[in-house]
>>> print(open('data.txt').read())   # compact mmCIF, C-alpha atoms
# COMPACT_ATOMS: atom_id res chain seq x y z
CA MET A 215 0.00 0.00 0.00
CA ASP A 216 1.58 3.30 -1.01
CA PHE A 217 1.31 6.53 0.87
CA ALA A 218 -1.57 7.95 -1.15
CA GLU A 219 -3.73 4.88 -0.49
CA ARG A 220 -2.84 4.91 3.17
CA GLU A 221 -3.67 8.59 3.43
CA GLU A 222 -6.99 7.94 1.72
CA GLU A 223 -7.75 5.21 4.22
CA TRP A 224 -6.88 7.48 7.14
CA ALA A 225 -9.12 10.18 5.71
CA LEU A 226 -12.00 7.69 5.45
CA LEU A 227 -11.49 6.58 9.03
CA MET A 228 -11.28 10.14 10.29
CA ARG A 229 -14.46 11.15 8.46
CA SER A 230 -16.31 8.26 10.11
CA ALA A 231 -14.73 9.20 13.43
CA ILE A 232 -15.91 12.79 13.18
CA ALA A 233 -19.38 11.48 12.30
CA GLY A 234 -19.34 9.66 15.65
CA ASP A 235 -17.90 6.20 14.87
CA GLY A 236 -15.69 5.39 17.86
CA ALA A 237 -14.36 2.14 16.39
CA ALA A 238 -13.16 3.97 13.26
CA TYR A 239 -11.53 6.58 15.47
CA HIS A 240 -9.70 3.89 17.42
CA ARG A 241 -8.45 2.31 14.18
CA PHE A 242 -7.36 5.71 12.92
CA LEU A 243 -5.26 6.52 15.98
CA ILE A 244 -3.74 3.03 16.07
CA ALA A 245 -2.92 3.27 12.36
CA VAL A 246 -1.32 6.72 12.59
CA ALA A 247 0.76 6.04 15.72
CA PRO A 248 3.51 4.01 13.96
CA TYR A 249 4.12 6.86 11.52
CA LEU A 250 4.36 9.36 14.30
CA ARG A 251 6.69 6.99 16.10
CA ALA A 252 8.97 6.63 13.07
CA THR A 253 9.21 10.39 12.75
CA ALA A 254 9.80 10.92 16.44
CA ARG A 255 12.51 8.25 16.58
CA ARG A 256 14.42 9.72 13.71
CA GLN A 257 14.27 13.10 15.30
CA CYS A 258 15.27 12.00 18.77
CA ALA A 259 18.11 9.95 17.30
CA ARG A 260 19.43 13.00 15.53
CA LEU A 261 19.47 14.93 18.77
CA GLY A 262 21.51 12.25 20.50
CA ARG A 263 21.40 11.56 24.18
CA GLY A 264 19.41 14.63 25.19
CA GLY A 265 16.81 13.94 22.52
CA GLY A 266 14.35 12.39 24.88
CA ASP A 267 11.93 9.55 24.48
CA PRO A 268 10.21 9.37 21.07
CA GLU A 269 7.12 7.91 22.70
CA ASP A 270 6.62 11.18 24.58
CA VAL A 271 6.35 12.97 21.26
CA VAL A 272 3.96 10.33 19.91
CA GLN A 273 1.64 10.77 22.86
CA GLU A 274 1.70 14.54 22.81
CA VAL A 275 0.94 14.55 19.07
CA LEU A 276 -1.93 12.09 19.52
CA LEU A 277 -3.42 14.34 22.16
CA ALA A 278 -3.09 17.36 19.87
CA ILE A 279 -4.64 15.45 16.95
CA HIS A 280 -7.52 14.56 19.21
CA LEU A 281 -8.19 18.04 20.56
CA LYS A 282 -7.75 19.73 17.18
CA ARG A 283 -9.43 17.19 14.92
CA HIS A 284 -12.17 19.66 13.97
CA THR A 285 -9.54 21.83 12.24
CA TRP A 286 -9.06 19.19 9.56
CA ASP A 287 -10.99 20.29 6.49
CA GLN A 288 -12.64 17.07 5.32
CA GLY A 289 -12.30 18.11 1.71
CA ARG A 290 -8.50 18.17 1.94
CA ALA A 291 -5.83 15.50 2.17
CA ILE A 292 -5.13 14.49 5.74
CA GLY A 293 -1.35 14.00 5.35
CA PRO A 294 -0.36 17.69 5.39
CA TRP A 295 -2.63 18.29 8.37
CA LEU A 296 -1.01 15.48 10.34
CA ALA A 297 2.45 16.61 9.28
CA ALA A 298 1.83 20.20 10.41
CA ILE A 299 0.53 19.11 13.81
CA THR A 300 3.44 16.73 14.31
CA ARG A 301 5.94 19.35 13.29
CA ASN A 302 4.46 21.91 15.64
CA LYS A 303 4.50 19.51 18.58
CA ALA A 304 8.04 18.39 17.75
CA ILE A 305 9.13 22.02 17.96
CA ASP A 306 7.41 22.33 21.34
CA MET A 307 9.26 19.26 22.57
CA LEU A 308 12.57 20.69 21.42
CA ARG A 309 11.82 23.89 23.29
CA ARG A 310 11.07 21.87 26.36
CA ARG A 311 14.48 20.29 26.06
CA GLY A 312 16.03 23.70 25.53
CA ARG A 313 17.08 23.07 21.96
CA GLN A 314 17.23 25.36 19.00
CA THR A 315 14.03 25.08 17.07
CA GLU A 316 15.33 23.92 13.76
CA VAL A 317 13.10 21.17 12.51
CA PRO A 318 13.51 20.41 8.82
CA ILE A 319 10.72 17.90 8.57
CA GLU A 320 8.30 19.36 6.06
CA ASN A 321 6.11 16.57 4.70
CA PHE A 322 8.25 14.02 6.45
CA ILE A 323 5.43 11.53 6.86
CA GLU A 324 5.45 10.91 3.14
CA GLN A 325 8.93 9.43 2.97
CA LEU A 326 8.81 7.19 5.97
CA PRO A 327 7.96 3.53 6.13
CA ALA A 328 5.93 2.51 9.14
CA GLU A 329 8.02 1.14 11.94
CA THR A 330 6.96 -2.27 13.09
CA VAL A 331 7.11 -1.38 16.75
CA SER A 332 3.90 -2.31 18.57
CA ALA A 333 1.78 0.59 19.77
CA GLY A 334 2.35 -0.42 23.34
CA GLU A 335 5.33 1.58 24.45
CA GLU A 336 5.52 3.35 27.75
CA ALA A 337 6.29 7.02 28.00
CA GLY A 338 7.03 9.11 31.03
CA ASP A 339 6.10 12.69 30.12
CA VAL A 340 2.39 12.01 30.17
CA ASP A 341 2.58 10.64 33.71
CA ARG A 342 4.55 13.67 34.81
CA MET A 343 1.88 15.94 33.26
CA LEU A 344 -0.92 13.88 34.78
CA ALA A 345 0.64 14.30 38.19
CA MET A 346 0.08 18.04 37.84
CA LEU A 347 -3.67 17.76 37.21
CA ASN A 348 -6.15 17.76 40.03
CA PRO A 349 -6.85 14.32 41.59
CA ARG A 350 -10.32 13.97 40.10
CA GLN A 351 -9.09 14.72 36.56
CA ARG A 352 -6.16 12.35 37.01
CA ASP A 353 -8.48 9.66 38.31
CA ILE A 354 -10.85 9.95 35.35
CA ILE A 355 -8.07 9.89 32.73
CA ARG A 356 -6.42 6.90 34.41
CA SER A 357 -9.71 5.01 34.59
CA VAL A 358 -10.55 5.31 30.91
CA SER A 359 -6.96 4.83 29.71
CA VAL A 360 -5.04 2.40 31.92
CA ASN A 361 -8.07 0.51 33.26
CA GLY A 362 -10.02 0.82 30.02
CA ASP A 363 -13.21 1.74 31.89
CA SER A 364 -16.26 3.02 30.06
CA ILE A 365 -17.91 6.33 30.88
CA ARG A 366 -20.71 4.41 32.60
CA GLU A 367 -18.27 2.54 34.85
CA VAL A 368 -16.49 5.73 35.87
CA ALA A 369 -19.82 7.42 36.51
CA ASP A 370 -20.98 4.57 38.77
CA ARG A 371 -17.72 4.47 40.70
CA LEU A 372 -17.51 8.24 41.25
CA GLU A 373 -21.28 8.66 41.70
CA MET A 374 -21.45 11.22 38.94
CA SER A 375 -23.83 11.39 35.98
CA GLU A 376 -22.46 10.10 32.68
CA GLY A 377 -22.79 13.58 31.23
CA ALA A 378 -20.70 15.04 34.04
CA VAL A 379 -18.02 12.39 33.50
CA ARG A 380 -17.92 13.18 29.76
CA VAL A 381 -17.48 16.87 30.46
CA ALA A 382 -14.88 16.18 33.15
CA LEU A 383 -12.92 13.83 30.86
CA HIS A 384 -12.88 16.38 28.06
CA ARG A 385 -11.76 19.12 30.41
CA ALA A 386 -9.11 16.85 31.85
CA LEU A 387 -7.68 16.12 28.38
CA LYS A 388 -7.63 19.83 27.61
CA ALA A 389 -5.90 20.49 30.92
CA LEU A 390 -3.37 17.82 30.07
CA ALA A 391 -2.59 19.52 26.75
CA ALA A 392 -2.28 22.83 28.59
CA ARG A 393 0.29 21.26 30.91
CA TYR A 394 2.39 20.23 27.95
CA ARG A 395 2.04 23.71 26.53
CA SER A 396 3.12 25.57 29.63
CA ASP A 397 5.97 23.16 30.02
CA ALA A 398 7.20 24.09 26.53
CA LYS A 399 7.52 27.77 27.36
CA MET B 1480 1.32 5.34 30.49
CA ARG B 1481 1.34 3.25 27.35
CA THR B 1482 0.33 4.83 24.06
CA GLU B 1483 -2.49 2.30 23.60
CA GLU B 1484 -3.88 3.37 26.93
CA LEU B 1485 -3.78 7.02 26.00
CA ILE B 1486 -5.62 6.14 22.77
CA ASN B 1487 -8.33 4.47 24.91
CA ALA B 1488 -8.83 7.74 26.74
CA LEU B 1489 -9.01 9.74 23.51
CA VAL B 1490 -11.56 7.39 21.96
CA THR B 1491 -13.68 7.47 25.12
CA ASP B 1492 -13.77 11.25 25.03
CA GLU B 1493 -16.93 12.63 23.48
CA PRO B 1494 -17.09 12.20 19.72
CA SER B 1495 -16.61 15.59 18.12
CA THR B 1496 -19.91 17.38 18.54
CA ARG B 1497 -18.17 20.64 17.89
CA LYS B 1498 -19.56 22.89 15.25
CA ARG B 1499 -17.55 23.00 12.09
CA PHE B 1500 -14.66 25.38 12.50
CA ASP B 1501 -15.61 27.58 9.54
CA LEU B 1502 -19.08 28.06 11.06
CA VAL B 1503 -17.54 29.08 14.37
CA LEU B 1504 -15.43 31.64 12.55
CA ALA B 1505 -18.39 32.94 10.52
CA PHE B 1506 -20.36 33.34 13.74
CA ALA B 1507 -17.48 35.28 15.32
CA VAL B 1508 -17.34 37.65 12.34
CA ALA B 1509 -21.10 38.23 12.49
CA LEU B 1510 -21.05 38.81 16.24
CA GLY B 1511 -18.04 41.12 15.98
CA ALA B 1512 -19.76 43.15 13.27
CA LEU B 1513 -22.87 43.33 15.44
CA VAL B 1514 -20.88 44.66 18.40
CA ALA B 1515 -19.06 47.23 16.27
CA GLY B 1516 -22.34 48.16 14.54
CA SER B 1517 -24.14 48.69 17.85
CA LEU B 1518 -21.37 50.90 19.11
CA PHE B 1519 -21.45 52.83 15.84
CA PHE B 1520 -25.21 53.42 15.79
CA LEU B 1521 -25.47 54.15 19.52
CA ALA B 1522 -22.46 56.40 19.98
CA ILE B 1523 -21.04 57.54 16.65
CA GLY B 1524 -23.60 57.61 13.86
CA PHE B 1525 -23.54 58.61 10.19
CA ARG B 1526 -21.98 61.84 9.08
CA PRO B 1527 -24.52 64.69 8.88
CA ASP B 1528 -24.48 64.88 5.08
CA ILE B 1529 -24.92 61.15 4.55
CA ASP B 1530 -27.74 61.63 2.00
CA GLU B 1531 -25.44 63.60 -0.25
CA ALA B 1532 -22.39 61.50 0.49
CA VAL B 1533 -23.89 58.24 -0.78
CA LYS B 1534 -23.92 59.78 -4.25
CA SER B 1535 -20.20 60.57 -4.17
CA ALA B 1536 -17.71 58.15 -5.64
CA PRO B 1537 -14.79 58.85 -3.23
CA PHE B 1538 -17.11 58.20 -0.26
CA LEU B 1539 -18.31 54.88 -1.69
CA PHE B 1540 -14.79 53.89 -2.67
CA LYS B 1541 -13.75 53.88 0.99
CA PHE B 1542 -16.07 50.93 1.52
CA VAL B 1543 -14.59 49.07 -1.42
CA VAL B 1544 -11.21 49.33 0.30
CA THR B 1545 -12.34 48.52 3.86
CA LEU B 1546 -14.62 45.65 2.83
CA SER B 1547 -11.97 44.08 0.63
CA LEU B 1548 -9.56 44.33 3.57
CA ALA B 1549 -12.06 42.65 5.89
CA MET B 1550 -12.86 39.86 3.45
CA THR B 1551 -9.31 38.99 2.46
CA ALA B 1552 -8.09 39.10 6.07
CA ILE B 1553 -10.95 36.87 7.27
CA GLY B 1554 -10.18 34.41 4.47
CA LEU B 1555 -6.52 34.34 5.44
CA CYS B 1556 -7.44 33.85 9.12
CA SER B 1557 -9.47 30.75 8.38
CA ARG B 1558 -6.49 29.24 6.55
CA LEU B 1559 -3.79 30.23 9.04
CA ALA B 1560 -5.87 28.63 11.78
CA ARG B 1561 -5.76 25.18 10.17
CA PRO B 1562 -2.54 23.19 10.15
CA GLY B 1563 -1.13 22.19 6.78
CA VAL B 1564 -3.37 24.39 4.62
CA PRO B 1565 -1.60 26.50 1.98
CA THR B 1566 -1.93 30.22 2.69
CA LYS B 1567 0.04 31.78 -0.13
CA GLU B 1568 -2.87 32.84 -2.37
CA TRP B 1569 -4.72 34.47 0.49
CA GLY B 1570 -1.55 36.21 1.58
CA TYR B 1571 -1.32 37.75 -1.88
CA ALA B 1572 -5.02 38.60 -1.78
CA LEU B 1573 -4.28 40.98 1.10
CA ALA B 1574 -2.58 43.18 -1.51
CA ILE B 1575 -5.97 43.87 -3.12
CA PRO B 1576 -7.06 46.66 -0.75
CA VAL B 1577 -3.55 48.10 -0.81
CA ILE B 1578 -3.44 48.21 -4.60
CA LEU B 1579 -6.95 49.65 -4.85
CA LEU B 1580 -6.06 52.43 -2.44
CA ALA B 1581 -2.74 53.11 -4.17
CA LEU B 1582 -4.55 53.47 -7.51
CA ALA B 1583 -7.00 55.90 -5.94
CA VAL B 1584 -4.17 57.98 -4.48
CA PHE B 1585 -2.50 58.00 -7.89
CA ALA B 1586 -5.75 59.19 -9.48
CA GLU B 1587 -6.10 61.93 -6.88
CA LEU B 1588 -2.55 63.14 -7.51
CA MET B 1589 -3.21 63.16 -11.25
CA LEU B 1590 -6.57 64.89 -11.13
CA THR B 1591 -6.15 67.49 -8.39
CA PRO B 1592 -3.75 70.47 -8.20
CA SER B 1593 -0.78 69.99 -5.91
CA SER B 1594 -1.93 72.84 -3.69
CA SER B 1595 -4.88 70.72 -2.54
CA TRP B 1596 -2.77 67.69 -1.62
CA GLU B 1597 -1.70 68.79 1.80
CA PRO B 1598 -5.14 69.85 3.08
CA SER B 1599 -6.62 66.66 1.68
CA LEU B 1600 -3.99 64.51 3.41
CA ILE B 1601 -4.38 66.25 6.74
CA GLY B 1602 -8.14 66.43 6.55
CA SER B 1603 -10.09 67.32 9.65
CA ASN B 1604 -10.79 63.98 11.30
CA SER B 1605 -7.39 62.38 11.77
CA ARG B 1606 -7.76 62.28 15.53
CA PHE B 1607 -11.16 60.59 15.32
CA CYS B 1608 -9.79 58.19 12.77
CA LEU B 1609 -6.94 57.16 15.07
CA THR B 1610 -9.24 56.64 18.04
CA LEU B 1611 -12.53 55.40 16.59
CA ILE B 1612 -11.12 52.67 14.34
CA PRO B 1613 -9.23 50.95 17.19
CA LEU B 1614 -12.24 51.44 19.48
CA LEU B 1615 -14.66 49.92 16.97
CA ALA B 1616 -12.18 47.08 16.36
CA VAL B 1617 -12.12 45.91 19.99
CA GLY B 1618 -15.35 43.88 19.73
CA PRO B 1619 -14.57 42.17 16.41
CA LEU B 1620 -10.99 41.43 17.51
CA ALA B 1621 -12.14 39.84 20.76
CA CYS B 1622 -14.72 37.69 18.95
CA LEU B 1623 -12.20 36.59 16.32
CA LEU B 1624 -9.45 35.74 18.81
CA LEU B 1625 -11.88 33.72 20.94
CA ALA B 1626 -13.07 31.74 17.92
CA LEU B 1627 -9.53 31.25 16.65
CA ARG B 1628 -8.54 29.61 19.92
CA GLN B 1629 -10.35 26.58 18.56
CA GLY B 1630 -7.96 26.57 15.64
CA ALA B 1631 -4.45 25.17 15.55
CA PRO B 1632 -2.23 27.84 13.98
CA THR B 1633 1.39 26.98 13.34
CA ARG B 1634 2.14 30.72 13.60
CA PRO B 1635 -0.04 32.09 16.42
CA GLY B 1636 1.42 35.61 16.39
CA LEU B 1637 0.86 36.00 12.67
CA LEU B 1638 -2.70 34.73 12.98
CA GLY B 1639 -3.35 37.25 15.77
CA ALA B 1640 -2.00 40.05 13.57
CA VAL B 1641 -4.20 39.02 10.64
CA ALA B 1642 -7.18 38.83 13.00
CA GLY B 1643 -6.28 42.44 13.86
CA LEU B 1644 -6.43 43.32 10.16
CA ALA B 1645 -9.82 41.63 9.80
CA ALA B 1646 -11.18 43.42 12.88
CA SER B 1647 -9.82 46.72 11.52
CA GLY B 1648 -11.52 46.06 8.18
CA ILE B 1649 -14.85 45.70 9.96
CA ALA B 1650 -14.21 48.71 12.21
CA ALA B 1651 -13.04 50.92 9.34
CA THR B 1652 -16.15 50.04 7.33
CA PHE B 1653 -18.32 51.55 10.05
CA TYR B 1654 -15.99 54.45 10.74
CA ALA B 1655 -15.88 55.38 7.04
CA ALA B 1656 -19.61 56.11 7.22
CA ASN B 1657 -18.96 58.70 9.90
CA CYS B 1658 -15.82 60.32 8.58
CA THR B 1659 -16.23 63.30 6.26
CA ASP B 1660 -12.75 62.95 4.82
CA ASP B 1661 -13.09 60.93 1.64
CA ALA B 1662 -9.83 61.86 -0.10
CA PRO B 1663 -7.71 58.78 -0.90
CA LEU B 1664 -4.69 60.69 0.45
CA PHE B 1665 -6.40 60.95 3.83
CA VAL B 1666 -7.51 57.34 3.84
CA ALA B 1667 -4.06 56.11 2.80
CA THR B 1668 -2.39 58.09 5.57
CA TRP B 1669 -4.54 57.75 8.66
CA TYR B 1670 -6.42 54.48 8.24
CA PRO B 1671 -3.21 52.40 8.06
CA LEU B 1672 -1.88 54.11 11.20
CA ALA B 1673 -5.05 53.26 13.10
CA ILE B 1674 -5.03 49.73 11.70
CA ALA B 1675 -1.39 49.22 12.68
CA MET B 1676 -2.31 49.71 16.33
CA VAL B 1677 -4.98 47.02 16.13
CA VAL B 1678 -2.62 44.68 14.29
CA ALA B 1679 0.04 45.15 16.98
CA VAL B 1680 -2.46 44.30 19.71
CA GLY B 1681 -3.65 41.28 17.73
CA TYR B 1682 -0.09 40.08 17.32
CA ALA B 1683 0.71 40.48 21.01
CA ILE B 1684 -2.42 38.67 22.19
CA GLY B 1685 -2.24 36.03 19.47
CA SER B 1686 1.32 34.99 20.17
CA ILE B 1687 0.24 34.09 23.70
CA SER B 1688 -3.40 33.07 23.55
CA LEU B 1689 -3.45 31.25 20.20
CA ARG B 1690 -0.78 28.71 21.12
CA TRP B 1691 -2.10 25.18 21.51
>>> encode(input="data.txt", output="structure tokens")
Amino acid sequence: MDFAEREEEWALLMRSAIAGDGAAYHRFLIAVAPYLRATARRQCARLGRGGGDPEDVVQEVLLAIHLKRHTWDQGRAIGPWLAAITRNKAIDMLRRRGRQTEVPIENFIEQLPAETVSAGEEAGDVDRMLAMLNPRQRDIIRSVSVNGDSIREVADRLEMSEGAVRVALHRALKALAARYRSDAK
Amino acid sequence: MRTEELINALVTDEPSTRKRFDLVLAFAVALGALVAGSLFFLAIGFRPDIDEAVKSAPFLFKFVVTLSLAMTAIGLCSRLARPGVPTKEWGYALAIPVILLALAVFAELMLTPSSSWEPSLIGSNSRFCLTLIPLLAVGPLACLLLALRQGAPTRPGLLGAVAGLAASGIAATFYAANCTDDAPLFVATWYPLAIAMVVAVGYAIGSISLRW
């Protein structure tokens, strides 16, 4: 499958996702992650020892893709959109590590083969950021991610309405992104 | 946390019920224009000779310039706010109001004696121009910046500055209906000065608040 086909498939998945298909959204994120990982690895390798963990970049980019998915114009190719978000987040990560912000990776996704690493790697930044959220937000994010709980399960456990849990989860994810952002300053 | 686990959290988060981004932006423009319009009609109003003025070409031409500024700047905003969308054409489009105004100035210099140039440039409303345009731009700029926070600009400062241009375009459209100076020399001198202030504010706010 060449890049154009793959991009077309991603676009299809993302359109379904935006229309409310959670399974398509899951497949989209799982499919994109290896490309982000390949890019992040190359970049961290170039920076040497201080380059940090590529998986941190992958996770930050996934979060940004999630929170900004409505900025993808469904009539356009999805590759440049993904590339621009990844590039922007890579620059943020470099700032966080106190590096010069020279990132020559325009349209990098196009040239890279997918790495065959499983999507199961650990990363530390996200836990560090989570630690800075309030306990309730941290609890909700941990429940739906690490434990794989559904909204209903979290709602029952915390004695909240499902609607309140949805709102709290969304706010928590936004707060998490804000932590990354303020860390990059 | 493992990446798969993070993906679980993202998928569990509410499917995007957000309004389409271009609709959000259109709403912000409409609301901004409403705020500026209310301020205009409540506190500023048309010039006294508006019935005569609407028959004069230089008066009407001011709106051609300000509206083309507003439209091209809004178009550029909507592109700068989306990652990976080409912006070049809309960047060039911003030259349209500049070229139109430059042609009008050229025509004025050709058609009027040089003795009238200075009075026409200085006009009688420069102080109002420098205060009312920024004042009328506050509402539209606030609405635009709030809406653009939902975007994902790769250059937040630039987007803030262009939002300042768009807000100025809206503000100047209202102000032009109040101002009795219609000479292109006046418009080309004082309007850009007023607009530059709004652009600077937009840049300053944008480079902080439009980061994501």
>>> residues_around(input="data.txt", residues="segment 1514-1517 of chain B", least_positions_apart="2", cutoff="9 Å", atoms="only C-alpha atoms", output="PDB file with C-alpha atoms, keeping the file's coordinate frame")
ATOM      1  CA  ALA B1509     -21.100  38.230  12.490  1.00  0.00           C
ATOM      2  CA  LEU B1510     -21.050  38.810  16.240  1.00  0.00           C
ATOM      3  CA  GLY B1511     -18.040  41.120  15.980  1.00  0.00           C
ATOM      4  CA  ALA B1512     -19.760  43.150  13.270  1.00  0.00           C
ATOM      5  CA  PHE B1519     -21.450  52.830  15.840  1.00  0.00           C
ATOM      6  CA  PHE B1520     -25.210  53.420  15.790  1.00  0.00           C
ATOM      7  CA  LEU B1521     -25.470  54.150  19.520  1.00  0.00           C
ATOM      8  CA  ALA B1522     -22.460  56.400  19.980  1.00  0.00           C
ATOM      9  CA  LEU B1614     -12.240  51.440  19.480  1.00  0.00           C
ATOM     10  CA  LEU B1615     -14.660  49.920  16.970  1.00  0.00           C
ATOM     11  CA  ALA B1616     -12.180  47.080  16.360  1.00  0.00           C
ATOM     12  CA  VAL B1617     -12.120  45.910  19.990  1.00  0.00           C
ATOM     13  CA  GLY B1618     -15.350  43.880  19.730  1.00  0.00           C
ATOM     14  CA  PRO B1619     -14.570  42.170  16.410  1.00  0.00           C
ATOM     15  CA  ILE B1649     -14.850  45.700   9.960  1.00  0.00           C
ATOM     16  CA  ALA B1650     -14.210  48.710  12.210  1.00  0.00           C
ATOM     17  CA  PHE B1653     -18.320  51.550  10.050  1.00  0.00           C
TER      18      PHE B1653
END
>>> interface_residues(input="data.txt", of="chain B", to="chain A", cutoff="12 Å", atoms="all atoms listed in the file", output="tab-separated table (two decimals) with C-alpha atoms, keeping the file's coordinate frame")
chain	number	residue	atom	x	y	z
B	1480	MET	CA	1.32	5.34	30.49
B	1481	ARG	CA	1.34	3.25	27.35
B	1482	THR	CA	0.33	4.83	24.06
B	1483	GLU	CA	-2.49	2.30	23.60
B	1484	GLU	CA	-3.88	3.37	26.93
B	1485	LEU	CA	-3.78	7.02	26.00
B	1486	ILE	CA	-5.62	6.14	22.77
B	1487	ASN	CA	-8.33	4.47	24.91
B	1488	ALA	CA	-8.83	7.74	26.74
B	1489	LEU	CA	-9.01	9.74	23.51
B	1490	VAL	CA	-11.56	7.39	21.96
B	1491	THR	CA	-13.68	7.47	25.12
B	1492	ASP	CA	-13.77	11.25	25.03
B	1493	GLU	CA	-16.93	12.63	23.48
B	1494	PRO	CA	-17.09	12.20	19.72
B	1495	SER	CA	-16.61	15.59	18.12
B	1496	THR	CA	-19.91	17.38	18.54
B	1497	ARG	CA	-18.17	20.64	17.89
B	1498	LYS	CA	-19.56	22.89	15.25
B	1499	ARG	CA	-17.55	23.00	12.09
B	1500	PHE	CA	-14.66	25.38	12.50
B	1501	ASP	CA	-15.61	27.58	9.54
B	1502	LEU	CA	-19.08	28.06	11.06
B	1503	VAL	CA	-17.54	29.08	14.37
B	1504	LEU	CA	-15.43	31.64	12.55
B	1557	SER	CA	-9.47	30.75	8.38
B	1558	ARG	CA	-6.49	29.24	6.55
B	1559	LEU	CA	-3.79	30.23	9.04
B	1560	ALA	CA	-5.87	28.63	11.78
B	1561	ARG	CA	-5.76	25.18	10.17
B	1562	PRO	CA	-2.54	23.19	10.15
B	1563	GLY	CA	-1.13	22.19	6.78
B	1564	VAL	CA	-3.37	24.39	4.62
B	1565	PRO	CA	-1.60	26.50	1.98
B	1626	ALA	CA	-13.07	31.74	17.92
B	1627	LEU	CA	-9.53	31.25	16.65
B	1628	ARG	CA	-8.54	29.61	19.92
B	1629	GLN	CA	-10.35	26.58	18.56
B	1630	GLY	CA	-7.96	26.57	15.64
B	1631	ALA	CA	-4.45	25.17	15.55
B	1632	PRO	CA	-2.23	27.84	13.98
B	1633	THR	CA	1.39	26.98	13.34
B	1634	ARG	CA	2.14	30.72	13.60
B	1635	PRO	CA	-0.04	32.09	16.42
B	1686	SER	CA	1.32	34.99	20.17
B	1687	ILE	CA	0.24	34.09	23.70
B	1688	SER	CA	-3.40	33.07	23.55
B	1689	LEU	CA	-3.45	31.25	20.20
B	1690	ARG	CA	-0.78	28.71	21.12
B	1691	TRP	CA	-2.10	25.18	21.51
>>> closest_residue(input="data.txt", among="B:Cys1608, B:Gly1643, B:Ser1535, B:Ser1603", to="Cys1622 of chain B", atoms="all atoms listed in the file")
B:Gly1643
>>> atom_distance(input="data.txt", atom1="atom CA of Thr1545 of chain B", atom2="atom CA of Gly1648 of chain B")
5.0 Å
>>> residues_around(input="data.txt", residues="Pro268 of chain A", least_positions_apart="2", cutoff="9 Å", atoms="all atoms listed in the file", output="list in words")
Leu250, Arg251, Ala252, Thr253, Ala254, Arg255, Arg256, Gln257, Cys258, Ala259, Gly265, Gly266, Asp270, Val271, Val272, Gln273 and Ala337 of chain A
>>> closest_residue(input="data.txt", among="A:Glu219, A:Arg310, A:Asp370, A:Leu390", to="Asn348 of chain A", atoms="all atoms listed in the file")
A:Leu390
>>> closest_residue(input="data.txt", among="B:Pro1537, B:Gly1681, B:Gly1602, B:Pro1527", to="Ala1621 of chain B", atoms="only C-alpha atoms")
B:Gly1681
>>> residues_near_point(input="data.txt", point="(-2.2, 60.1, -4.7)", cutoff="12 Å", atoms="only C-alpha atoms", output="MDAnalysis selection string")
chainID B and resid 1578:1593 1595:1597 1599:1600 1662:1668
>>> closest_residue(input="data.txt", among="A:Asp267, A:Leu308, A:Leu226, A:Glu221", to="Tyr249 of chain A", atoms="all atoms listed in the file")
A:Glu221
>>> atom_distance(input="data.txt", atom1="atom CA of Pro248 of chain A", atom2="atom CA of Gln288 of chain A")
22.5 Å
>>> decode(input="data.txt", residues="segment 218-228 of chain A", atoms="N, CA and C atoms", output="short mmCIF file (atom, residue, chain, number, x, y, z; two decimals), in the first residue's frame")
data_model
loop_
_atom_site.label_atom_id
_atom_site.label_comp_id
_atom_site.auth_asym_id
_atom_site.auth_seq_id
_atom_site.Cartn_x
_atom_site.Cartn_y
_atom_site.Cartn_z
N ALA A 218 -0.31 7.33 -0.77
CA ALA A 218 -1.57 7.95 -1.15
C ALA A 218 -2.76 7.10 -0.70
N GLU A 219 -2.64 5.78 -0.89
CA GLU A 219 -3.73 4.88 -0.49
C GLU A 219 -3.94 4.93 1.02
N ARG A 220 -2.78 4.91 1.72
CA ARG A 220 -2.84 4.91 3.17
C ARG A 220 -3.50 6.20 3.67
N GLU A 221 -3.11 7.31 3.04
CA GLU A 221 -3.67 8.59 3.43
C GLU A 221 -5.18 8.60 3.18
N GLU A 222 -5.56 8.00 2.06
CA GLU A 222 -6.99 7.94 1.72
C GLU A 222 -7.75 7.13 2.78
N GLU A 223 -7.10 6.04 3.21
CA GLU A 223 -7.75 5.21 4.22
C GLU A 223 -7.88 5.97 5.55
N TRP A 224 -6.82 6.68 5.90
CA TRP A 224 -6.88 7.48 7.14
C TRP A 224 -8.00 8.51 7.05
N ALA A 225 -8.09 9.14 5.87
CA ALA A 225 -9.12 10.18 5.71
C ALA A 225 -10.51 9.57 5.88
N LEU A 226 -10.71 8.37 5.30
CA LEU A 226 -12.00 7.69 5.45
C LEU A 226 -12.31 7.42 6.92
N LEU A 227 -11.29 6.89 7.62
CA LEU A 227 -11.49 6.58 9.03
C LEU A 227 -11.82 7.84 9.82
N MET A 228 -11.08 8.91 9.53
CA MET A 228 -11.28 10.14 10.29
C MET A 228 -12.65 10.74 10.01
#
